[in-house]
$ cat upload.csv   # CSV, C-alpha atoms
chain,number,residue,atom,x,y,z
A,1,MET,CA,-17.6,-0.8,17.1
A,2,GLU,CA,-17.0,1.5,20.0
A,3,ASP,CA,-14.5,-1.0,21.5
A,4,GLN,CA,-12.7,-1.2,18.1
A,5,ALA,CA,-12.5,2.6,18.0
A,6,GLN,CA,-10.9,2.7,21.4
A,7,LEU,CA,-8.2,0.3,20.1
A,8,LEU,CA,-7.0,3.0,17.7
A,9,PRO,CA,-4.2,5.4,18.6
A,10,LEU,CA,-5.5,8.5,20.4
A,11,TYR,CA,-4.7,10.8,17.5
A,12,GLU,CA,-6.7,8.5,15.2
A,13,GLN,CA,-9.7,8.6,17.5
A,14,VAL,CA,-9.5,12.4,17.4
A,15,ARG,CA,-9.1,12.4,13.6
A,16,HIS,CA,-12.3,10.3,13.3
A,17,SER,CA,-14.1,12.5,15.8
A,18,ILE,CA,-13.3,15.6,13.8
A,19,LEU,CA,-14.4,13.9,10.5
A,20,ALA,CA,-17.6,13.0,12.2
A,21,GLY,CA,-18.1,16.6,13.3
A,22,ILE,CA,-17.6,17.7,9.7
A,23,GLN,CA,-20.1,15.2,8.3
A,24,SER,CA,-22.7,16.0,11.0
A,25,GLY,CA,-22.3,19.8,10.3
A,26,GLN,CA,-20.8,20.5,13.7
A,27,PHE,CA,-17.8,21.9,11.8
A,28,SER,CA,-19.2,23.5,8.6
A,29,GLU,CA,-17.4,23.3,5.2
A,30,GLY,CA,-15.8,26.7,4.5
A,31,GLY,CA,-15.6,27.6,8.2
A,32,PHE,CA,-12.8,27.3,10.7
A,33,LEU,CA,-12.3,24.8,13.4
A,34,PRO,CA,-12.5,26.1,17.0
A,35,ALA,CA,-9.2,27.2,18.5
A,36,GLU,CA,-6.8,24.6,19.7
A,37,PRO,CA,-7.5,25.0,23.5
A,38,GLU,CA,-11.2,24.5,22.8
A,39,LEU,CA,-10.6,21.3,20.8
A,40,MET,CA,-8.1,20.0,23.4
A,41,SER,CA,-10.8,20.4,26.0
A,42,LEU,CA,-13.5,18.9,23.8
A,43,TYR,CA,-11.5,15.7,23.1
A,44,GLY,CA,-9.5,15.6,26.3
A,45,VAL,CA,-6.2,15.3,24.5
A,46,SER,CA,-2.8,17.1,24.5
A,47,ARG,CA,-1.7,19.7,22.0
A,48,VAL,CA,0.7,17.2,20.4
A,49,THR,CA,-2.1,14.6,19.9
A,50,LEU,CA,-4.5,17.2,18.5
A,51,ARG,CA,-1.9,18.6,16.1
A,52,ARG,CA,-1.1,15.2,14.7
A,53,ALA,CA,-4.8,14.5,14.1
A,54,ILE,CA,-5.2,17.8,12.3
A,55,GLY,CA,-2.0,17.3,10.4
A,56,ASP,CA,-3.2,14.0,9.0
A,57,LEU,CA,-6.5,15.7,8.0
A,58,CYS,CA,-4.6,18.5,6.3
A,59,ALA,CA,-2.6,15.9,4.4
A,60,ASP,CA,-5.8,14.3,3.3
A,61,GLY,CA,-7.2,17.6,2.0
A,62,ARG,CA,-10.1,17.8,4.5
A,63,LEU,CA,-8.5,20.6,6.5
A,64,GLN,CA,-6.1,23.5,5.6
A,65,ARG,CA,-4.0,25.5,8.0
A,66,GLN,CA,-4.1,29.2,7.2
A,67,GLN,CA,-1.4,31.5,8.7
A,68,GLY,CA,-2.9,33.8,11.2
A,69,ARG,CA,-6.5,32.6,10.7
A,70,GLY,CA,-6.8,29.0,11.9
A,71,THR,CA,-7.7,25.7,10.4
A,72,LEU,CA,-10.2,25.8,7.5
A,73,VAL,CA,-12.6,22.9,6.8
A,74,MET,CA,-12.4,22.1,3.1
A,75,PRO,CA,-15.2,20.8,1.0
A,76,ASN,CA,-15.5,17.2,-0.2
A,77,LYS,CA,-13.8,16.4,-3.5
A,78,VAL,CA,-15.7,17.1,-6.6
A,79,ARG,CA,-15.9,14.3,-9.1
A,80,GLN,CA,-15.5,15.3,-12.7
A,81,THR,CA,-15.5,13.2,-15.9
A,82,LEU,CA,-12.7,14.2,-18.2
A,83,VAL,CA,-14.6,13.4,-21.4
A,84,SER,CA,-17.7,15.3,-20.3
A,85,LEU,CA,-18.6,18.4,-22.4
A,86,SER,CA,-20.4,20.0,-19.4
A,87,GLY,CA,-19.3,23.4,-18.3
A,88,PHE,CA,-18.3,24.1,-14.7
A,89,SER,CA,-21.7,25.5,-13.8
A,90,GLU,CA,-23.5,22.4,-15.2
A,91,THR,CA,-21.2,20.0,-13.4
A,92,MET,CA,-21.7,21.8,-10.0
A,93,ASP,CA,-25.5,22.0,-10.6
A,94,GLY,CA,-25.5,18.3,-11.1
A,95,LEU,CA,-23.8,17.8,-7.8
A,96,GLY,CA,-26.2,20.1,-6.0
A,97,ARG,CA,-23.5,22.7,-5.4
A,98,LYS,CA,-23.4,26.4,-6.3
A,99,ALA,CA,-20.9,27.5,-8.9
A,100,GLY,CA,-19.3,30.9,-9.0
A,101,HIS,CA,-17.1,32.7,-11.5
A,102,ARG,CA,-15.1,35.5,-10.0
A,103,ILE,CA,-13.4,37.7,-12.6
A,104,LEU,CA,-9.8,38.4,-11.6
A,105,SER,CA,-8.8,40.2,-14.8
A,106,ARG,CA,-9.9,40.9,-18.4
A,107,ASP,CA,-7.7,41.7,-21.4
A,108,ASP,CA,-9.5,42.7,-24.6
A,109,HIS,CA,-6.2,42.8,-26.6
A,110,PRO,CA,-4.0,40.1,-25.2
A,111,GLU,CA,-0.5,39.5,-26.7
A,112,ALA,CA,-1.0,35.7,-27.4
A,113,PRO,CA,-0.4,35.0,-31.1
A,114,ALA,CA,-0.1,31.3,-30.6
A,115,ILE,CA,-3.5,31.0,-28.9
A,116,ARG,CA,-5.0,33.4,-31.4
A,117,ASP,CA,-3.8,31.1,-34.2
A,118,ARG,CA,-5.0,28.0,-32.5
A,119,LEU,CA,-8.5,29.4,-32.1
A,120,GLY,CA,-8.5,31.2,-35.5
A,121,ALA,CA,-9.7,34.3,-33.6
A,122,ALA,CA,-10.2,37.6,-35.2
A,123,SER,CA,-10.4,39.5,-31.9
A,124,LEU,CA,-9.0,37.4,-29.0
A,125,ILE,CA,-10.2,38.1,-25.5
A,126,HIS,CA,-8.8,36.7,-22.3
A,127,PHE,CA,-10.5,36.4,-18.9
A,128,GLU,CA,-8.7,35.2,-15.7
A,129,ARG,CA,-11.4,33.7,-13.5
A,130,LEU,CA,-11.6,32.0,-10.1
A,131,LEU,CA,-14.1,29.2,-10.2
A,132,GLU,CA,-15.8,28.7,-6.9
A,133,ASP,CA,-17.6,25.8,-5.2
A,134,ASN,CA,-20.3,27.1,-2.8
A,135,GLY,CA,-18.2,30.3,-2.4
A,136,MET,CA,-14.9,28.4,-1.9
A,137,PRO,CA,-12.0,28.9,-4.4
A,138,MET,CA,-11.6,25.7,-6.4
A,139,THR,CA,-10.0,26.4,-9.8
A,140,LEU,CA,-8.0,29.1,-11.4
A,141,GLU,CA,-9.0,29.4,-15.1
A,142,SER,CA,-7.5,31.3,-18.0
A,143,LEU,CA,-10.4,31.5,-20.6
A,144,TRP,CA,-9.7,32.6,-24.2
A,145,PHE,CA,-12.2,33.0,-27.0
A,146,ASP,CA,-13.0,35.1,-30.1
A,147,ALA,CA,-14.9,38.2,-29.0
A,148,ALA,CA,-15.6,39.0,-32.7
A,149,ARG,CA,-17.3,35.7,-33.2
A,150,PHE,CA,-19.2,35.7,-29.9
A,151,PRO,CA,-19.8,39.4,-29.0
A,152,GLU,CA,-23.0,38.5,-27.1
A,153,VAL,CA,-21.1,36.2,-24.8
A,154,VAL,CA,-18.6,38.7,-23.6
A,155,ASP,CA,-20.8,40.7,-21.3
A,156,THR,CA,-22.2,37.6,-19.7
A,157,VAL,CA,-18.8,36.2,-18.9
A,158,ALA,CA,-17.6,39.6,-17.7
A,159,ALA,CA,-20.5,39.7,-15.3
A,160,GLY,CA,-19.5,36.4,-13.8
A,161,GLY,CA,-21.8,34.2,-15.9
A,162,SER,CA,-21.2,30.8,-17.4
A,163,PHE,CA,-19.4,30.8,-20.7
A,164,PHE,CA,-21.0,27.5,-21.8
A,165,ALA,CA,-24.5,28.7,-20.9
A,166,ALA,CA,-24.0,32.0,-22.7
A,167,LEU,CA,-22.6,30.1,-25.7
A,168,ARG,CA,-25.7,27.9,-25.8
A,169,ASN,CA,-28.4,30.4,-24.9
A,170,LEU,CA,-27.1,33.5,-26.6
A,171,ALA,CA,-25.1,32.3,-29.5
A,172,GLY,CA,-27.1,29.1,-30.1
A,173,ILE,CA,-24.0,26.9,-30.2
A,174,VAL,CA,-23.5,23.6,-28.3
A,175,PRO,CA,-20.0,22.3,-27.9
A,176,ALA,CA,-19.5,18.9,-29.6
A,177,HIS,CA,-15.9,17.9,-28.8
A,178,ALA,CA,-13.2,18.7,-26.3
A,179,GLU,CA,-9.5,17.9,-26.4
A,180,ARG,CA,-7.7,17.9,-23.0
A,181,GLN,CA,-4.1,17.7,-21.9
A,182,ILE,CA,-3.5,17.1,-18.2
A,183,ASP,CA,-0.4,17.5,-16.2
A,184,VAL,CA,0.4,17.4,-12.5
A,185,GLY,CA,2.7,19.9,-10.8
A,186,PHE,CA,2.9,22.4,-8.0
A,187,ALA,CA,1.3,25.9,-7.7
A,188,SER,CA,3.2,29.0,-8.2
A,189,PRO,CA,3.3,31.7,-5.5
A,190,ALA,CA,0.8,33.7,-7.5
A,191,GLU,CA,-1.6,30.7,-7.8
A,192,ARG,CA,-1.2,30.0,-4.1
A,193,ASN,CA,-2.4,33.5,-3.4
A,194,VAL,CA,-5.9,32.7,-4.7
A,195,LEU,CA,-6.2,28.9,-4.4
A,196,PRO,CA,-6.4,26.8,-1.2
A,197,VAL,CA,-3.2,25.0,-1.8
A,198,THR,CA,0.3,24.9,-0.1
A,199,ALA,CA,3.7,24.8,-1.8
A,200,THR,CA,3.9,21.0,-1.3
A,201,GLN,CA,0.4,20.0,-2.4
A,202,PRO,CA,0.1,19.0,-6.1
A,203,VAL,CA,-2.2,20.6,-8.6
A,204,TYR,CA,-3.8,19.5,-11.8
A,205,ARG,CA,-3.0,21.6,-14.9
A,206,ILE,CA,-5.5,21.0,-17.7
A,207,GLU,CA,-5.6,22.7,-21.1
A,208,LYS,CA,-8.9,22.2,-22.8
A,209,ILE,CA,-9.9,23.2,-26.4
A,210,VAL,CA,-13.6,22.9,-27.1
A,211,THR,CA,-14.9,22.7,-30.7
A,212,ASP,CA,-18.3,22.7,-32.4
A,213,SER,CA,-19.8,20.0,-34.6
A,214,GLU,CA,-17.8,21.1,-37.6
A,215,GLY,CA,-14.5,21.0,-35.6
A,216,GLN,CA,-14.1,24.8,-35.3
A,217,PRO,CA,-12.5,25.9,-32.0
A,218,LEU,CA,-14.8,27.7,-29.7
A,219,ALA,CA,-12.6,28.4,-26.7
A,220,LEU,CA,-9.4,27.4,-24.9
A,221,SER,CA,-9.2,27.1,-21.2
A,222,GLN,CA,-6.1,26.6,-19.0
A,223,LEU,CA,-7.2,25.3,-15.6
A,224,VAL,CA,-5.3,24.9,-12.3
A,225,THR,CA,-7.0,22.9,-9.6
A,226,PRO,CA,-5.6,21.5,-6.3
A,227,SER,CA,-5.6,17.7,-6.4
A,228,HIS,CA,-7.2,17.4,-3.0
A,229,LEU,CA,-10.3,19.2,-4.3
A,230,VAL,CA,-11.1,17.2,-7.4
A,231,THR,CA,-11.1,13.5,-8.5
A,232,TYR,CA,-11.0,13.1,-12.3
A,233,THR,CA,-12.5,10.0,-13.9
A,234,ILE,CA,-12.4,8.8,-17.6
A,235,LYS,CA,-15.5,7.2,-19.2
A,236,THR,CA,-14.8,4.5,-21.8
$ encode --input "upload.csv" --output "structure tokens"
Amino acid sequence: MEDQAQLLPLYEQVRHSILAGIQSGQFSEGGFLPAEPELMSLYGVSRVTLRRAIGDLCADGRLQRQQGRGTLVMPNKVRQTLVSLSGFSETMDGLGRKAGHRILSRDDHPEAPAIRDRLGAASLIHFERLLEDNGMPMTLESLWFDAARFPEVVDTVAAGGSFFAALRNLAGIVPAHAERQIDVGFASPAERNVLPVTATQPVYRIEKIVTDSEGQPLALSQLVTPSHLVTYTIKT
């Protein structure tokens, strides 16, 4: 195996070595790689070779260059099932990862008549949230639901709690169905300010409406997730 590795181009050997360092914990997810001179010394390669190896890993989504900060080690892709009714927290718990919900904004009286009509909401409320994976930004979410129907859920969501858990534990309602529409595009400048994605990396855009056992809408979510962070699967 060692002889085979030495047959690879030098930049590929460096790429494999960096990946091995990530997997072993030498370079921790969410942290930055050492500076270029240190890595050049560690691997005994030129700046050109090192940058090609790092460039390939950035293209694969394992690393991300951040202007003025360095090269960030990205987490492994999260696998999510599109037909699953699990919330974000439940999905991450099942993977042994810690979910976070950072509130970016709250609007108790949003001007969104189309969404109000789709949810049949008496008092529509809107939260803009950044969903985090072990403290790392993962998904930008616009969450809409009826505050008049679920007043007990509002404070929990506003405090950074799980909407699905609050719906189940406080309102006694378990989602029964979900309808999703998925598209692929590129992040806007505003989205790139909060998500680990560049202008040339695609993002998934998912709109999800969750309903109860009687078909009544519970919430509408609009999600933006960099494609290098998530792999979506469909169960049949």
$ residues_around --input "upload.csv" --residues "segment 186-197 of chain A" --least-positions-apart "4" --cutoff "8 Å" --atoms "only C-alpha atoms" --output "ChimeraX atom specification"
/A:64,130,137-140,201-203,225-226
$ residues_around --input "upload.csv" --residues "Ser89 of chain A" --least-positions-apart "6" --cutoff "8 Å" --atoms "all atoms listed in the file" --output "list of chain:residue names"
A:Lys98, A:Ala99, A:Gly100, A:Ser162
$ closest_residue --input "upload.csv" --among "A:Glu38, A:Glu29, A:Asp212, A:Asp155" --to "Asn134 of chain A" --atoms "all atoms listed in the file"
A:Glu29
$ closest_residue --input "upload.csv" --among "A:Thr156, A:Thr231, A:Ser142, A:Thr71" --to "Pro34 of chain A" --atoms "only C-alpha atoms"
A:Thr71
$ atom_distance --input "upload.csv" --atom1 "atom CA of Ser41 of chain A" --atom2 "atom CA of Pro75 of chain A"
25.4 Å
$ residues_around --input "upload.csv" --residues "Ile22 of chain A" --least-positions-apart "5" --cutoff "12 Å" --atoms "only C-alpha atoms" --output "PyMOL selection string"
chain A and resi 15-17+27-33+57+62-63+72-76
$ residues_near_point --input "upload.csv" --point "(-20.5, 29.8, -16.2)" --cutoff "12 Å" --atoms "only C-alpha atoms" --output "PyMOL selection string"
chain A and resi 86-93+98-103+129-132+141+143+153-154+156-169
$ closest_residue --input "upload.csv" --among "A:Leu223, A:Ala53, A:Val48, A:Cys58" --to "Ile206 of chain A" --atoms "all atoms listed in the file"
A:Leu223
$ residues_near_point --input "upload.csv" --point "(-5.4, 44.3, -20.1)" --cutoff "12 Å" --atoms "only C-alpha atoms" --output "ChimeraX atom specification"
/A:104-111,124-128
$ closest_residue --input "upload.csv" --among "A:Ile54, A:Ala219, A:Ala35, A:Ala147" --to "Tyr11 of chain A" --atoms "all atoms listed in the file"
A:Ile54
$ atom_distance --input "upload.csv" --atom1 "atom CA of Phe150 of chain A" --atom2 "atom CA of Gln181 of chain A"
24.8 Å
$ atom_distance --input "upload.csv" --atom1 "atom CA of Ile115 of chain A" --atom2 "atom CA of Arg205 of chain A"
16.9 Å
$ closest_residue --input "upload.csv" --among "A:Ala199, A:Ile182, A:Leu39, A:Ile18" --to "Tyr232 of chain A" --atoms "all atoms listed in the file"
A:Ile182
$ residues_around --input "upload.csv" --residues "Val210 of chain A" --least-positions-apart "6" --cutoff "8 Å" --atoms "only C-alpha atoms" --output "PyMOL selection string"
chain A and resi 175-179+217-220
$ write_last_selection --input "upload.csv" --atoms "C-alpha atoms" --output "PDB file, in the frame of the given file"
ATOM      1  CA  PRO A 175     -20.000  22.300 -27.900  1.00  0.00           C
ATOM      2  CA  ALA A 176     -19.500  18.900 -29.600  1.00  0.00           C
ATOM      3  CA  HIS A 177     -15.900  17.900 -28.800  1.00  0.00           C
ATOM      4  CA  ALA A 178     -13.200  18.700 -26.300  1.00  0.00           C
ATOM      5  CA  GLU A 179      -9.500  17.900 -26.400  1.00  0.00           C
ATOM      6  CA  PRO A 217     -12.500  25.900 -32.000  1.00  0.00           C
ATOM      7  CA  LEU A 218     -14.800  27.700 -29.700  1.00  0.00           C
ATOM      8  CA  ALA A 219     -12.600  28.400 -26.700  1.00  0.00           C
ATOM      9  CA  LEU A 220      -9.400  27.400 -24.900  1.00  0.00           C
TER      10      LEU A 220
END
